[in-house]
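S.K.: I'd like to ask you about the structure that follows.
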Amino acid sequence: MTESPRLRARYRRIVTFFAGVTASFIFWEIVLPRLGLQRWSDSSRAHRNRRTAVRFRALALAMGGLMIKVGQFLSARLDVLPAEITEELAGLQDEVPPAAFADIRRCAEQELGCTLAEAFRTFDEAPLAAASLGQAHRAVLRDADAAEAGFAQVVVKVQRPDIDRIVAVDLAALRRVGRWLTRYRPVSSRADVPALVEEFAATTLEELDYTAEARNAEHFRWVFENDDRVGVPRVAWEHSRLRVLTLEDVSAIRLGDYDAITAAGIDRAQVAEKLVETYLQQIFDDGVFHADPHPGNLFVSPVDGHPGQFRLTFIDFGMVGRVPDTLRTSLREALIAVGIQDSARLVAAFTSMGVLLPTADTKAMDLAVAQVFDRFGGMAMSDLRNISHKEMAEIGLQFRELLVSMPFQLPENLLLLGRTLAVLSGMCAGLNPDFNLWTSITPYATTLVSGEAGEGGLWSTITTEGAKIAQSLVALPARADRILTLVERGDLSVKTPLLELRVRQLDRSVRQIPMAIVFAALLLAGAVLYGAEPTFAKVLMAGSVLPLVGALRPRRRHR
């Protein structure tokens with residue numbers, strides 16, 4: 001790497017941090033449980049997670065750049081990361097320190113080819129907001145430019161100095177960490193980490209191109225041009241470049257300012273419903289969605305002369321996700337399955353979109369999803385919060401081995417979508433504690449089902465479903481005869497996939513106990529004798545490596 005000493009030191013610091021986290025995870029979550037010390041690992045997990053999150057937060061704030069974005073991404077992964085990590089990292093969005101105005105002025109004037117005084121009538125030195133890649137300042141266009149653009153009040157986004165070089169170094173460090181993880185089979189067998197890093201890199205590099213963000217803003221204005229309840233700022237193209245973007249100032253009540261929304265006479269529950277509606281339209285109808293929906297990027301403004309009515313306004317279009325047609329079809333299937341609570345259809349949708357690989361035990365997953373639907377279907381977010389920790393722990397333990405053993409992965413084209421939906425769910429629950437995802441999705445799912453019937457005709461849909469039922473009825477006598485024959489012979493067995501997984505886990509643990517005991521005995525004996533017989537003690541301690549390897553070595557499955 002031919003970068004400056006400062007950037008090389010930055011690279012080493014990032015790599016060293018993630019190397020320490022990886023080593024700690026392997027020791028606590030892999031080595032200790034295989035030595036029969038699972039309880040020790042479990043009891044200290046929350047404290048260790050919180051300590052790691054605190055360390056990463058300090059690292060991100062000190063270094064800035066891509067580390068801030070990594071932390072913001074992790075803070076939104078409520079689906080896969082424990083609460084102690086996401087809560088610790090949640091404040092990163094509002095803690096990014098601003099760059100010096102002199103540096104911002106130099107970058108802006110270099111891009112615009114003129115001084116700020118020549119480009120704008122006024123330009124606020126105090127930043128309106130600071131982000132990981134750039135920061136925003138309020139300004140006012142000169143009269144001639146305002147007349148041409150149709151607005152005068154603007155927000156100017158300017159990239160941080162040398163951010164392109166910093167991002168390149170950070171991505172190089174993340175790529176190296178990704179290559180490490182490919183050598184760790186439990187990770188590499190479930191996700192293509194280098195591909196995920198490249199997807200993250202592509203998204204970040206696109207964010208560095210403010211002309212692309214301007215085009216994204218124009219696209220969303222076109223998508224919602226017929227919806228008076230959704231707003232998108234206009235672009236001042238004469239004052240926008242690769243590293244400078246000037247947009248119409250549409251500032252209003254931040255989506256996270258719940259008291260202000262209520263004081264304006266706006267029903268927060270309706271805001272949550274409208275937010276979900278706009279995202280369903282973006283994902284399933286347009287195939288392009290705003291992928292950074294944190295409360296700072298969404299405003300709510302009352303409509304003059306219409307009490308209770310409001311407009312939802314999006315800003316910051318640097319991070320945009322795209323849904324290919326094939327993925328959109330699978331996502332529609334998943335949405336319909338959730339809306340009508342059809343577990344088999346949901347598992348099939350997961351398989352088609354690549355979340356579940358073809359080798360997955362879909363029957364076991366179907367059973368697990370059906371139980372989740374039965375227990376949680378129709379619940380509001382407030383109801384879910386009131387479920388006891390004991391019950392949630394029991395459910396987690398019931399399905400933990402199933403999920404761990406499943407060939408489950410998150411394809412890279414679902415990375416942004418998963419993050420977006422996780423953040424969206426949290427924002428809706430904040431706006432309305434009684435927000436009910438089921439009732440929000442069901443009408444749209446019903447529309448999709450009706451659309452299916454409309455595309456091929458109602459008679460075609462009835463014929464297809466009728467053929468499936470008829471096929472099952474024709475096969476029923478033969479299946480019943482086979483079952484009765486097995487009963488008569490005494491050969492009938494009932495397969496319970498979840499129970500089989502628990503038994504296999506117990507069998508592995510039991511077979512590892514003797515090796516773990518021998519390892520501990522040799523190691524402790526060597527430590528005790530080291531002072532009196534150092535040579536013999538070293539032999540014992542060296543010999544303890546053999547049973548350790550035997551305890552950690554994965555066992556082959558015999559069929």
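Ordered as shown in the structure tokens, chains take letters A, B, and onward, while each chain numbers its residues from 1 and ligands are numbered from 1 in the order shown.
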Extract, using only C-alpha atoms, all DNA, RNA and protein residues at most 8 Å from Ala236 in chain A, discarding same-chain residues fewer than 6 positions from it, and format them as a list in words.
M.R.: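 So, after excluding close chain neighbours, the residues are Ala149, Leu245, Thr246, Leu247 and Glu248 of chain A.
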S.K.: Using only C-alpha atoms, which residues sit within 7 Å of range 45-52 of chain A once same-chain residues fewer than 4 positions away are excluded, as a ChimeraX atom specification?
M.R.: /A:41,56,84-85
S.K.: For Arg165 in chain A, work out the shell of residues within 12 Å, counting only C-alpha atoms and skipping chain neighbours fewer than 6 positions away, then give it as a list in words.
M.R.: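 Here the answer would be Met1, Thr2, Glu3, Ser4, Arg6, Leu7, Arg8, Arg10, Tyr11, Gly65, Leu66, Leu133, Leu171, Ala172, Leu205 and Leu208 of chain A.
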S.K.: Excluding Asp325 in chain A and residues on its chain fewer than 5 positions from it, collect all residues at most 10 Å away from it, counting only C-alpha atoms, and give them as a list of chain:residue names.
M.R.: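 Result of the neighbour search: A:Phe284, A:Gly287, A:Ser330, A:Leu331.
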S.K.: So which residues touch range 135-148 of chain A within 9 Å, counting only C-alpha atoms, skipping near sequence neighbours fewer than 5 positions away, as a ChimeraX atom specification?
M.R.: /A:98-99,104,118-130,153-160,236,238,249
